[in-house]
$ cat coords02.cif   # mmCIF, C-alpha atoms
data_coords
#
loop_
_atom_site.label_atom_id
_atom_site.label_comp_id
_atom_site.auth_asym_id
_atom_site.auth_seq_id
_atom_site.Cartn_x
_atom_site.Cartn_y
_atom_site.Cartn_z
CA MET A 247 83.35 -57.02 -133.94
CA ASN A 248 79.69 -57.26 -132.99
CA ASN A 249 78.67 -54.24 -135.07
CA SER A 250 80.41 -55.48 -138.21
CA THR A 251 78.61 -55.09 -141.55
CA ASN A 252 78.62 -57.94 -144.07
CA VAL A 253 80.15 -56.71 -147.31
CA SER A 254 81.95 -58.85 -149.89
CA LEU A 255 83.49 -58.57 -153.33
CA VAL A 256 81.92 -61.33 -155.42
CA SER A 257 81.80 -62.56 -158.99
CA PHE A 258 78.91 -63.83 -161.14
CA TYR A 259 76.15 -62.72 -158.75
CA GLY A 260 73.13 -62.29 -161.03
CA GLU A 261 73.73 -63.02 -164.71
CA LYS A 262 76.25 -65.69 -165.64
CA PRO A 263 78.08 -66.83 -168.76
CA ASN A 264 76.14 -69.55 -170.59
CA GLN A 265 78.78 -72.19 -169.92
CA LEU A 266 78.81 -71.50 -166.19
CA GLN A 267 75.02 -71.47 -165.96
CA GLY A 268 74.87 -74.76 -167.85
CA LEU A 269 77.36 -76.40 -165.49
CA ILE A 270 75.51 -75.18 -162.39
CA GLU A 271 72.17 -76.39 -163.77
CA LYS A 272 73.66 -79.79 -164.60
CA LEU A 273 74.99 -80.31 -161.07
CA GLN A 274 71.89 -78.95 -159.38
CA THR A 275 69.70 -81.29 -161.45
CA HIS A 276 71.91 -84.26 -160.58
CA LEU A 277 71.64 -83.49 -156.86
CA ALA A 278 67.90 -82.79 -157.01
CA ASN A 279 67.27 -86.19 -158.62
CA HIS A 280 69.70 -88.20 -156.50
CA GLN A 281 68.08 -91.18 -154.83
CA LEU A 282 70.13 -90.81 -151.64
CA LEU A 283 68.96 -87.25 -151.08
CA GLN A 284 65.21 -87.91 -151.32
CA ASN A 285 64.32 -84.34 -152.35
CA GLN A 286 66.35 -82.85 -149.51
CA PHE A 287 68.52 -80.78 -151.85
CA ILE A 288 67.28 -77.20 -152.16
CA PRO A 289 69.08 -75.46 -155.04
CA TYR A 290 70.02 -71.82 -154.80
CA GLN A 291 68.36 -69.55 -157.31
CA MET A 292 70.67 -69.17 -160.31
CA ALA A 293 71.13 -65.47 -159.56
CA GLN A 294 72.46 -66.05 -156.05
CA VAL A 295 75.12 -68.64 -156.94
CA HIS A 296 78.38 -66.70 -156.81
CA GLY A 297 82.11 -66.91 -156.25
CA THR A 298 83.52 -64.83 -153.39
CA ILE A 299 86.74 -63.01 -154.21
CA ILE A 300 87.26 -61.50 -150.76
CA GLY A 301 85.15 -60.73 -147.72
CA CYS A 302 85.25 -57.01 -146.91
CA GLU A 303 83.44 -57.09 -143.58
CA GLY A 304 84.05 -54.14 -141.29
CA ALA A 305 82.68 -51.90 -138.55
CA ARG A 306 82.34 -48.14 -138.42
CA GLU A 307 84.49 -46.51 -135.77
CA ASN A 308 85.44 -42.85 -135.33
CA GLY A 309 84.48 -41.92 -138.88
CA THR A 310 86.26 -44.81 -140.58
CA VAL A 311 85.51 -48.47 -141.27
CA ILE A 312 87.77 -50.94 -139.43
CA SER A 313 88.70 -54.05 -141.41
CA GLN A 314 87.24 -57.07 -139.59
CA TRP A 315 89.68 -59.72 -140.77
CA PHE A 316 92.84 -57.74 -140.06
CA GLN A 317 91.54 -57.27 -136.52
CA VAL A 318 90.36 -60.87 -136.02
CA ARG A 319 93.13 -62.75 -137.84
CA ARG A 320 96.15 -60.48 -137.29
CA GLN A 321 95.09 -58.36 -134.28
CA GLU A 322 95.73 -55.21 -136.33
CA ILE A 323 93.46 -52.15 -136.43
CA ARG A 324 93.28 -50.88 -140.00
CA SER A 325 90.85 -48.58 -141.80
CA ILE A 326 89.64 -49.70 -145.23
CA ASP A 327 90.97 -47.50 -148.05
CA PHE A 328 87.83 -47.15 -150.17
CA ALA A 329 89.30 -44.82 -152.80
CA GLY A 330 92.34 -47.04 -153.20
CA VAL A 331 90.41 -50.27 -153.64
CA ILE A 332 87.99 -48.78 -156.18
CA ASN A 333 90.80 -47.23 -158.22
CA TYR A 334 92.64 -50.56 -158.18
CA LEU A 335 89.63 -52.55 -159.29
CA GLN A 336 88.55 -50.18 -162.02
CA GLN A 337 91.91 -49.06 -163.37
CA GLN A 338 94.77 -51.36 -162.37
CA MET A 339 93.64 -54.94 -161.79
CA LYS A 340 94.77 -57.36 -164.49
CA LEU A 341 91.73 -58.99 -166.10
CA PRO A 342 90.34 -61.21 -167.52
CA LEU A 343 91.19 -64.07 -165.22
CA THR A 344 90.37 -67.62 -166.34
CA ILE A 345 88.91 -70.22 -163.99
CA ARG A 346 88.85 -73.91 -164.86
CA PHE A 347 86.20 -76.15 -163.34
CA GLY A 348 86.52 -79.89 -163.81
CA GLY A 349 88.78 -81.89 -166.10
CA TYR A 350 91.22 -82.62 -163.28
CA ARG A 351 92.25 -86.23 -163.74
CA ARG A 352 93.39 -88.09 -160.67
CA HIS A 353 96.44 -89.67 -162.33
CA LEU A 354 97.85 -86.30 -163.45
CA GLU A 355 99.84 -83.84 -161.37
CA TYR A 356 99.03 -80.12 -161.53
CA ASN A 357 101.87 -78.84 -159.33
CA PHE A 358 99.34 -77.49 -156.86
CA LEU A 359 97.43 -79.06 -153.98
CA SER A 360 94.28 -77.57 -152.48
CA ARG A 361 94.38 -77.96 -148.70
CA GLY A 362 96.81 -80.80 -149.26
CA GLN A 363 94.52 -82.64 -151.67
CA HIS A 364 94.64 -83.42 -155.39
CA LEU A 365 92.47 -81.07 -157.46
CA GLY A 366 90.41 -83.98 -158.72
CA ASP A 367 89.41 -84.73 -155.13
CA ARG A 368 88.72 -81.08 -154.33
CA SER A 369 86.76 -80.22 -157.51
CA PHE A 370 83.48 -80.97 -155.75
CA GLN A 371 82.88 -81.10 -152.01
CA LEU A 372 80.00 -81.84 -149.67
CA GLN A 373 80.73 -79.70 -146.63
CA SER A 374 79.01 -80.31 -143.31
CA ALA A 375 77.20 -77.42 -141.67
CA GLU A 376 74.80 -77.26 -138.73
CA LYS A 377 71.94 -79.64 -139.61
CA GLN A 378 72.81 -79.21 -143.29
CA THR A 379 75.29 -80.23 -145.96
CA ILE A 380 76.56 -77.70 -148.51
CA PRO A 381 77.47 -78.87 -152.05
CA VAL A 382 80.41 -76.82 -153.33
CA LEU A 383 81.90 -76.65 -156.83
CA ILE A 384 85.57 -75.59 -156.80
CA GLY A 385 87.79 -74.34 -159.63
CA TRP A 386 91.23 -72.79 -159.96
CA SER A 387 92.84 -70.06 -162.01
CA TRP A 388 94.30 -71.45 -165.22
CA GLN A 389 96.72 -70.14 -167.83
CA VAL A 390 98.94 -71.76 -170.47
CA GLN A 391 97.74 -75.28 -169.60
CA ALA A 392 98.58 -74.96 -165.92
CA VAL A 393 97.09 -73.95 -162.58
CA THR A 394 98.22 -70.48 -161.49
CA LEU A 395 98.15 -68.68 -158.16
CA ALA A 396 96.18 -65.78 -159.66
CA ILE A 397 93.22 -66.15 -157.29
CA ASP A 398 95.42 -66.24 -154.19
CA ASN A 399 97.52 -63.34 -155.51
CA LEU A 400 94.40 -61.29 -156.23
CA ARG A 401 93.10 -61.82 -152.70
CA ARG A 402 96.52 -60.96 -151.27
CA SER A 403 96.71 -57.76 -153.32
CA PHE A 404 93.86 -56.21 -151.33
CA GLN A 405 96.03 -56.05 -148.24
CA GLN A 406 97.48 -52.79 -149.58
CA PHE A 407 94.01 -51.31 -149.04
CA ASN A 408 93.70 -52.83 -145.56
CA LEU A 409 91.46 -55.71 -146.61
CA LEU A 410 92.63 -59.14 -145.49
CA HIS A 411 91.26 -62.38 -146.93
CA LYS A 412 89.82 -64.31 -143.98
CA TYR A 413 91.87 -67.43 -144.87
CA HIS A 414 95.16 -65.49 -144.91
CA ALA A 415 95.55 -65.68 -141.14
CA THR A 416 99.32 -65.85 -141.55
CA PRO A 417 101.45 -64.22 -144.26
CA GLU A 418 102.38 -67.59 -145.76
CA ALA A 419 98.80 -68.94 -145.91
CA VAL A 420 97.47 -69.75 -149.40
CA ASP A 421 93.84 -69.86 -150.54
CA ASN A 422 93.67 -70.35 -154.30
CA ASP A 423 90.23 -72.00 -154.37
CA PHE A 424 87.40 -70.39 -156.34
CA TYR A 425 84.23 -71.96 -155.01
CA LEU A 426 80.51 -71.81 -155.74
CA ARG A 427 77.89 -73.02 -153.27
CA LEU A 428 75.09 -74.69 -155.22
CA GLY A 429 72.39 -74.89 -152.54
CA THR A 430 71.70 -76.75 -149.31
CA ILE A 431 71.01 -80.38 -148.45
CA ASN A 432 68.70 -80.37 -145.46
CA ALA A 433 70.31 -83.39 -143.85
CA GLN A 434 73.58 -84.43 -142.26
CA LEU A 435 74.79 -87.22 -144.49
CA THR A 436 76.80 -90.17 -143.28
CA ILE A 437 80.44 -90.21 -144.34
CA ALA A 438 79.68 -93.08 -146.72
CA GLU A 439 76.74 -91.26 -148.32
CA ALA A 440 78.69 -88.02 -148.75
CA ASP A 441 81.68 -89.84 -150.25
CA PHE A 442 79.46 -91.74 -152.68
CA ILE A 443 77.66 -88.63 -153.96
CA ALA A 444 80.79 -86.48 -154.13
CA THR A 445 82.81 -89.15 -155.93
CA GLU A 446 80.02 -89.60 -158.45
CA ILE A 447 79.98 -85.87 -159.26
CA ARG A 448 83.78 -85.65 -159.40
CA HIS A 449 83.71 -88.36 -162.07
CA LEU A 450 81.15 -86.31 -164.00
CA LEU A 451 83.39 -83.24 -163.81
CA GLU A 452 86.55 -85.14 -164.74
CA ASP A 453 85.57 -85.49 -168.40
CA PHE A 454 84.20 -82.00 -168.92
CA PRO A 455 86.57 -79.11 -168.18
CA THR A 456 84.75 -75.77 -168.19
CA TYR A 457 86.66 -72.53 -168.65
CA ILE A 458 85.13 -69.30 -167.38
CA SER A 459 86.62 -65.81 -167.70
CA ILE A 460 86.18 -63.26 -164.93
CA ASP A 461 86.09 -59.70 -166.24
CA LEU A 462 85.33 -56.36 -164.59
CA ASN A 463 81.66 -56.60 -165.51
CA ASP A 464 81.39 -59.91 -163.60
CA LEU A 465 82.37 -58.31 -160.28
CA ALA A 466 80.16 -56.61 -157.71
CA PHE A 467 80.17 -55.52 -154.11
CA VAL A 468 77.33 -56.96 -152.06
CA GLN A 469 75.92 -56.06 -148.68
CA TYR A 470 74.18 -59.17 -147.37
CA GLN A 471 72.12 -60.47 -144.47
CA ASP A 472 72.78 -64.22 -144.83
CA LEU A 473 75.54 -66.41 -146.27
CA GLN A 474 73.24 -67.55 -149.08
CA LEU A 475 73.09 -63.94 -150.35
CA SER A 476 69.33 -64.20 -150.76
CA PRO A 477 68.30 -61.76 -153.51
CA ALA A 478 65.53 -60.20 -151.42
CA THR A 479 67.94 -59.05 -148.69
CA THR A 480 71.16 -58.46 -150.64
CA LYS A 481 72.20 -55.06 -152.00
CA VAL A 482 74.38 -55.29 -155.13
CA ILE A 483 76.51 -52.59 -156.77
CA PRO A 484 78.58 -53.49 -159.88
CA VAL A 485 82.31 -52.80 -159.55
CA SER A 486 82.36 -51.15 -162.98
CA SER A 487 80.20 -48.26 -161.76
CA ILE A 488 80.66 -48.08 -157.98
CA THR A 489 82.24 -45.02 -156.37
CA PRO A 490 84.27 -44.96 -153.14
CA ARG A 491 81.39 -43.11 -151.47
CA GLN A 492 78.87 -45.77 -152.53
CA LEU A 493 81.12 -48.52 -151.17
CA GLU A 494 81.53 -46.75 -147.85
CA GLN A 495 77.76 -46.25 -147.61
CA LEU A 496 77.25 -50.02 -147.72
CA TYR A 497 78.57 -50.01 -144.16
CA LEU A 498 75.84 -47.61 -143.07
CA LEU A 499 72.95 -49.91 -143.95
#
$ encode --input "coords02.cif" --output "structure tokens"
Amino acid sequence: MNNSTNVSLVSFYGEKPNQLQGLIEKLQTHLANHQLLQNQFIPYQMAQVHGTIIGCEGARENGTVISQWFQVRRQEIRSIDFAGVINYLQQQMKLPLTIRFGGYRRHLEYNFLSRGQHLGDRSFQLQSAEKQTIPVLIGWSWQVQAVTLAIDNLRRSFQQFNLLHKYHATPEAVDNDFYLRLGTINAQLTIAEADFIATEIRHLLEDFPTYISIDLNDLAFVQYQDLQLSPATTKVIPVSSITPRQLEQLYLL
């Protein structure tokens, strides 16, 4: 889909709860001052750090917008139901939803593995990209002292409006990770360096669980030019006030 427009449903773009902002600042400061990185870590602006709920990329075709991920992942041609998704978000979706970052102790079981790994090992990742490394903070939905599948279920629920989460390539696929990219490290680290830094930060997170609630006012649709969602080139419309027409117009930009 070469003419696809980049639109996503995100959380916490812009203002953030104090606890979340404090956690992000703590980790960004740690990375910025790390001796192995030698000032190669470039933190995102606080406003642009966000958690993606679901990518809504699509292309205009014959008066409708074709859902990119249904076409790419499932080879199905589906038109996005703008009125349905806005009504669902504003009137029917069950919120708030609690996310827990950190506090996942390696010797405890949480009855859920993230990509086959213990949550303590997945709570912070250094992910390789082209000529860069991306530091990623990961949390999971949490209720009654246990991990829930609320994030995965929320992403799956958008299929009724012809929006497919890009990591739901098959019906049984699960993506319950809620992740925040913290910036970029302008270097490709060795495996040993990446493991050392990541393990260090996981130990920091282990003792300090942080609970963040996602409410309607924390959600927005964004139309973006780059994966960093640079503020200068990203259009943002809060979910609480967006209309189906405004959402559809994001695909005209």
$ residues_near_point --input "coords02.cif" --point "(79.9, -90.7, -154.9)" --cutoff "12 Å" --atoms "only C-alpha atoms" --output "list of chain:residue names"
A:His276, A:Leu277, A:His280, A:Gln281, A:Leu282, A:Asp367, A:Phe370, A:Gln371, A:Leu372, A:Ile437, A:Ala438, A:Glu439, A:Ala440, A:Asp441, A:Phe442, A:Ile443, A:Ala444, A:Thr445, A:Glu446, A:Ile447, A:Arg448, A:His449, A:Leu450
$ residues_around --input "coords02.cif" --residues "A:Ser313" --least-positions-apart "4" --cutoff "6 Å" --atoms "all atoms listed in the file" --output "list in words"
Gly304, Arg324, Ser325 and Ile326 of chain A
$ closest_residue --input "coords02.cif" --among "A:Val420, A:Ile345, A:Ala278, A:Ala478" --to "A:Val393" --atoms "only C-alpha atoms"
A:Ile345
$ resolve_selection --input "coords02.cif" --expression "the PyMOL selection byres ((chain A and resi 299) around 10)" --output "MDAnalysis selection string"
chainID A and resid 254:257 296:298 300:302 397:398 400:401 411 423:425 465:467
$ closest_residue --input "coords02.cif" --among "A:Val295, A:Ala375, A:Val390, A:Gln469" --to "A:Leu498" --atoms "all atoms listed in the file"
A:Gln469
$ closest_residue --input "coords02.cif" --among "A:Ala415, A:Asn249, A:Leu383, A:Leu341" --to "A:Leu428" --atoms "all atoms listed in the file"
A:Leu383
$ atom_distance --input "coords02.cif" --atom1 "atom CA of A:His414" --atom2 "atom CA of A:Glu261"
29.3 Å
$ closest_residue --input "coords02.cif" --among "A:Trp388, A:Phe287, A:Phe404, A:Tyr259" --to "A:Ala433" --atoms "only C-alpha atoms"
A:Phe287
$ closest_residue --input "coords02.cif" --among "A:Asn408, A:Arg368, A:Arg346, A:Leu273" --to "A:Ile323" --atoms "all atoms listed in the file"
A:Asn408
$ resolve_selection --input "coords02.cif" --expression "the PyMOL selection byres ((chain A and resi 456) around 7)" --output "PyMOL selection string"
chain A and resi 346-348+454-455+457-458
$ resolve_selection --input "coords02.cif" --expression "the PyMOL selection byres ((chain A and resi 487) around 12)" --output "list in words"
Ile332, Asn333, Leu335, Gln336, Gln337, Leu462, Asn463, Asp464, Leu465, Ala466, Phe467, Val482, Ile483, Pro484, Val485, Ser486, Ile488, Thr489, Pro490, Arg491, Gln492 and Leu493 of chain A
$ closest_residue --input "coords02.cif" --among "A:Thr344, A:Leu435, A:Val253, A:Ile384" --to "A:Lys481" --atoms "only C-alpha atoms"
A:Val253
$ atom_distance --input "coords02.cif" --atom1 "atom CA of A:Leu395" --atom2 "atom CA of A:Gln321"
26.2 Å
$ atom_distance --input "coords02.cif" --atom1 "atom CA of A:Thr394" --atom2 "atom CA of A:Arg319"
25.4 Å
$ residues_around --input "coords02.cif" --residues "A:Gln378" --least-positions-apart "2" --cutoff "12 Å" --atoms "all atoms listed in the file" --output "ChimeraX atom specification"
/A:283,286-288,372-376,380-381,429-436,440
$ build_atoms --input "coords02.cif" --residues "stretch 312-328 of chain A" --atoms "N, CA, C and O atoms" --output "PDB file, in the frame of the given file"
ATOM      1  N   ILE A 312      86.679 -50.074-139.854  1.00  0.00           N
ATOM      2  CA  ILE A 312      87.770 -50.940-139.430  1.00  0.00           C
ATOM      3  C   ILE A 312      87.618 -52.301-140.093  1.00  0.00           C
ATOM      4  O   ILE A 312      86.550 -52.918-140.045  1.00  0.00           O
ATOM      5  N   SER A 313      88.692 -52.775-140.710  1.00  0.00           N
ATOM      6  CA  SER A 313      88.700 -54.050-141.410  1.00  0.00           C
ATOM      7  C   SER A 313      88.580 -55.207-140.417  1.00  0.00           C
ATOM      8  O   SER A 313      89.429 -55.387-139.543  1.00  0.00           O
ATOM      9  N   GLN A 314      87.501 -55.994-140.557  1.00  0.00           N
ATOM     10  CA  GLN A 314      87.240 -57.070-139.590  1.00  0.00           C
ATOM     11  C   GLN A 314      88.339 -58.114-139.574  1.00  0.00           C
ATOM     12  O   GLN A 314      88.794 -58.538-138.509  1.00  0.00           O
ATOM     13  N   TRP A 315      88.789 -58.557-140.754  1.00  0.00           N
ATOM     14  CA  TRP A 315      89.680 -59.720-140.770  1.00  0.00           C
ATOM     15  C   TRP A 315      91.111 -59.370-140.381  1.00  0.00           C
ATOM     16  O   TRP A 315      91.822 -60.215-139.840  1.00  0.00           O
ATOM     17  N   PHE A 316      91.542 -58.128-140.604  1.00  0.00           N
ATOM     18  CA  PHE A 316      92.840 -57.740-140.060  1.00  0.00           C
ATOM     19  C   PHE A 316      92.780 -57.735-138.526  1.00  0.00           C
ATOM     20  O   PHE A 316      93.737 -58.134-137.853  1.00  0.00           O
ATOM     21  N   GLN A 317      91.658 -57.303-137.977  1.00  0.00           N
ATOM     22  CA  GLN A 317      91.540 -57.270-136.520  1.00  0.00           C
ATOM     23  C   GLN A 317      91.418 -58.672-135.942  1.00  0.00           C
ATOM     24  O   GLN A 317      92.082 -59.007-134.954  1.00  0.00           O
ATOM     25  N   VAL A 318      90.602 -59.533-136.569  1.00  0.00           N
ATOM     26  CA  VAL A 318      90.360 -60.870-136.020  1.00  0.00           C
ATOM     27  C   VAL A 318      91.537 -61.807-136.262  1.00  0.00           C
ATOM     28  O   VAL A 318      91.945 -62.564-135.376  1.00  0.00           O
ATOM     29  N   ARG A 319      92.090 -61.787-137.480  1.00  0.00           N
ATOM     30  CA  ARG A 319      93.130 -62.750-137.840  1.00  0.00           C
ATOM     31  C   ARG A 319      94.539 -62.292-137.473  1.00  0.00           C
ATOM     32  O   ARG A 319      95.403 -63.116-137.159  1.00  0.00           O
ATOM     33  N   ARG A 320      94.792 -60.975-137.531  1.00  0.00           N
ATOM     34  CA  ARG A 320      96.150 -60.480-137.290  1.00  0.00           C
ATOM     35  C   ARG A 320      96.262 -59.553-136.081  1.00  0.00           C
ATOM     36  O   ARG A 320      97.344 -59.060-135.788  1.00  0.00           O
ATOM     37  N   GLN A 321      95.128 -59.279-135.430  1.00  0.00           N
ATOM     38  CA  GLN A 321      95.090 -58.360-134.280  1.00  0.00           C
ATOM     39  C   GLN A 321      95.654 -56.982-134.653  1.00  0.00           C
ATOM     40  O   GLN A 321      96.366 -56.329-133.885  1.00  0.00           O
ATOM     41  N   GLU A 322      95.309 -56.529-135.863  1.00  0.00           N
ATOM     42  CA  GLU A 322      95.730 -55.210-136.330  1.00  0.00           C
ATOM     43  C   GLU A 322      94.491 -54.355-136.593  1.00  0.00           C
ATOM     44  O   GLU A 322      93.499 -54.836-137.151  1.00  0.00           O
ATOM     45  N   ILE A 323      94.557 -53.087-136.184  1.00  0.00           N
ATOM     46  CA  ILE A 323      93.460 -52.150-136.430  1.00  0.00           C
ATOM     47  C   ILE A 323      93.799 -51.340-137.684  1.00  0.00           C
ATOM     48  O   ILE A 323      94.737 -50.555-137.685  1.00  0.00           O
ATOM     49  N   ARG A 324      93.031 -51.580-138.731  1.00  0.00           N
ATOM     50  CA  ARG A 324      93.280 -50.880-140.000  1.00  0.00           C
ATOM     51  C   ARG A 324      91.972 -50.364-140.570  1.00  0.00           C
ATOM     52  O   ARG A 324      90.943 -51.052-140.527  1.00  0.00           O
ATOM     53  N   SER A 325      92.023 -49.179-141.156  1.00  0.00           N
ATOM     54  CA  SER A 325      90.850 -48.580-141.800  1.00  0.00           C
ATOM     55  C   SER A 325      90.871 -48.895-143.284  1.00  0.00           C
ATOM     56  O   SER A 325      91.899 -48.736-143.955  1.00  0.00           O
ATOM     57  N   ILE A 326      89.728 -49.331-143.811  1.00  0.00           N
ATOM     58  CA  ILE A 326      89.640 -49.700-145.230  1.00  0.00           C
ATOM     59  C   ILE A 326      89.830 -48.452-146.092  1.00  0.00           C
ATOM     60  O   ILE A 326      89.229 -47.398-145.855  1.00  0.00           O
ATOM     61  N   ASP A 327      90.672 -48.577-147.093  1.00  0.00           N
ATOM     62  CA  ASP A 327      90.970 -47.500-148.050  1.00  0.00           C
ATOM     63  C   ASP A 327      90.014 -47.640-149.237  1.00  0.00           C
ATOM     64  O   ASP A 327      90.304 -48.337-150.212  1.00  0.00           O
ATOM     65  N   PHE A 328      88.861 -46.985-149.147  1.00  0.00           N
ATOM     66  CA  PHE A 328      87.830 -47.150-150.170  1.00  0.00           C
ATOM     67  C   PHE A 328      88.268 -46.596-151.522  1.00  0.00           C
ATOM     68  O   PHE A 328      88.058 -47.231-152.563  1.00  0.00           O
TER      69      PHE A 328
END
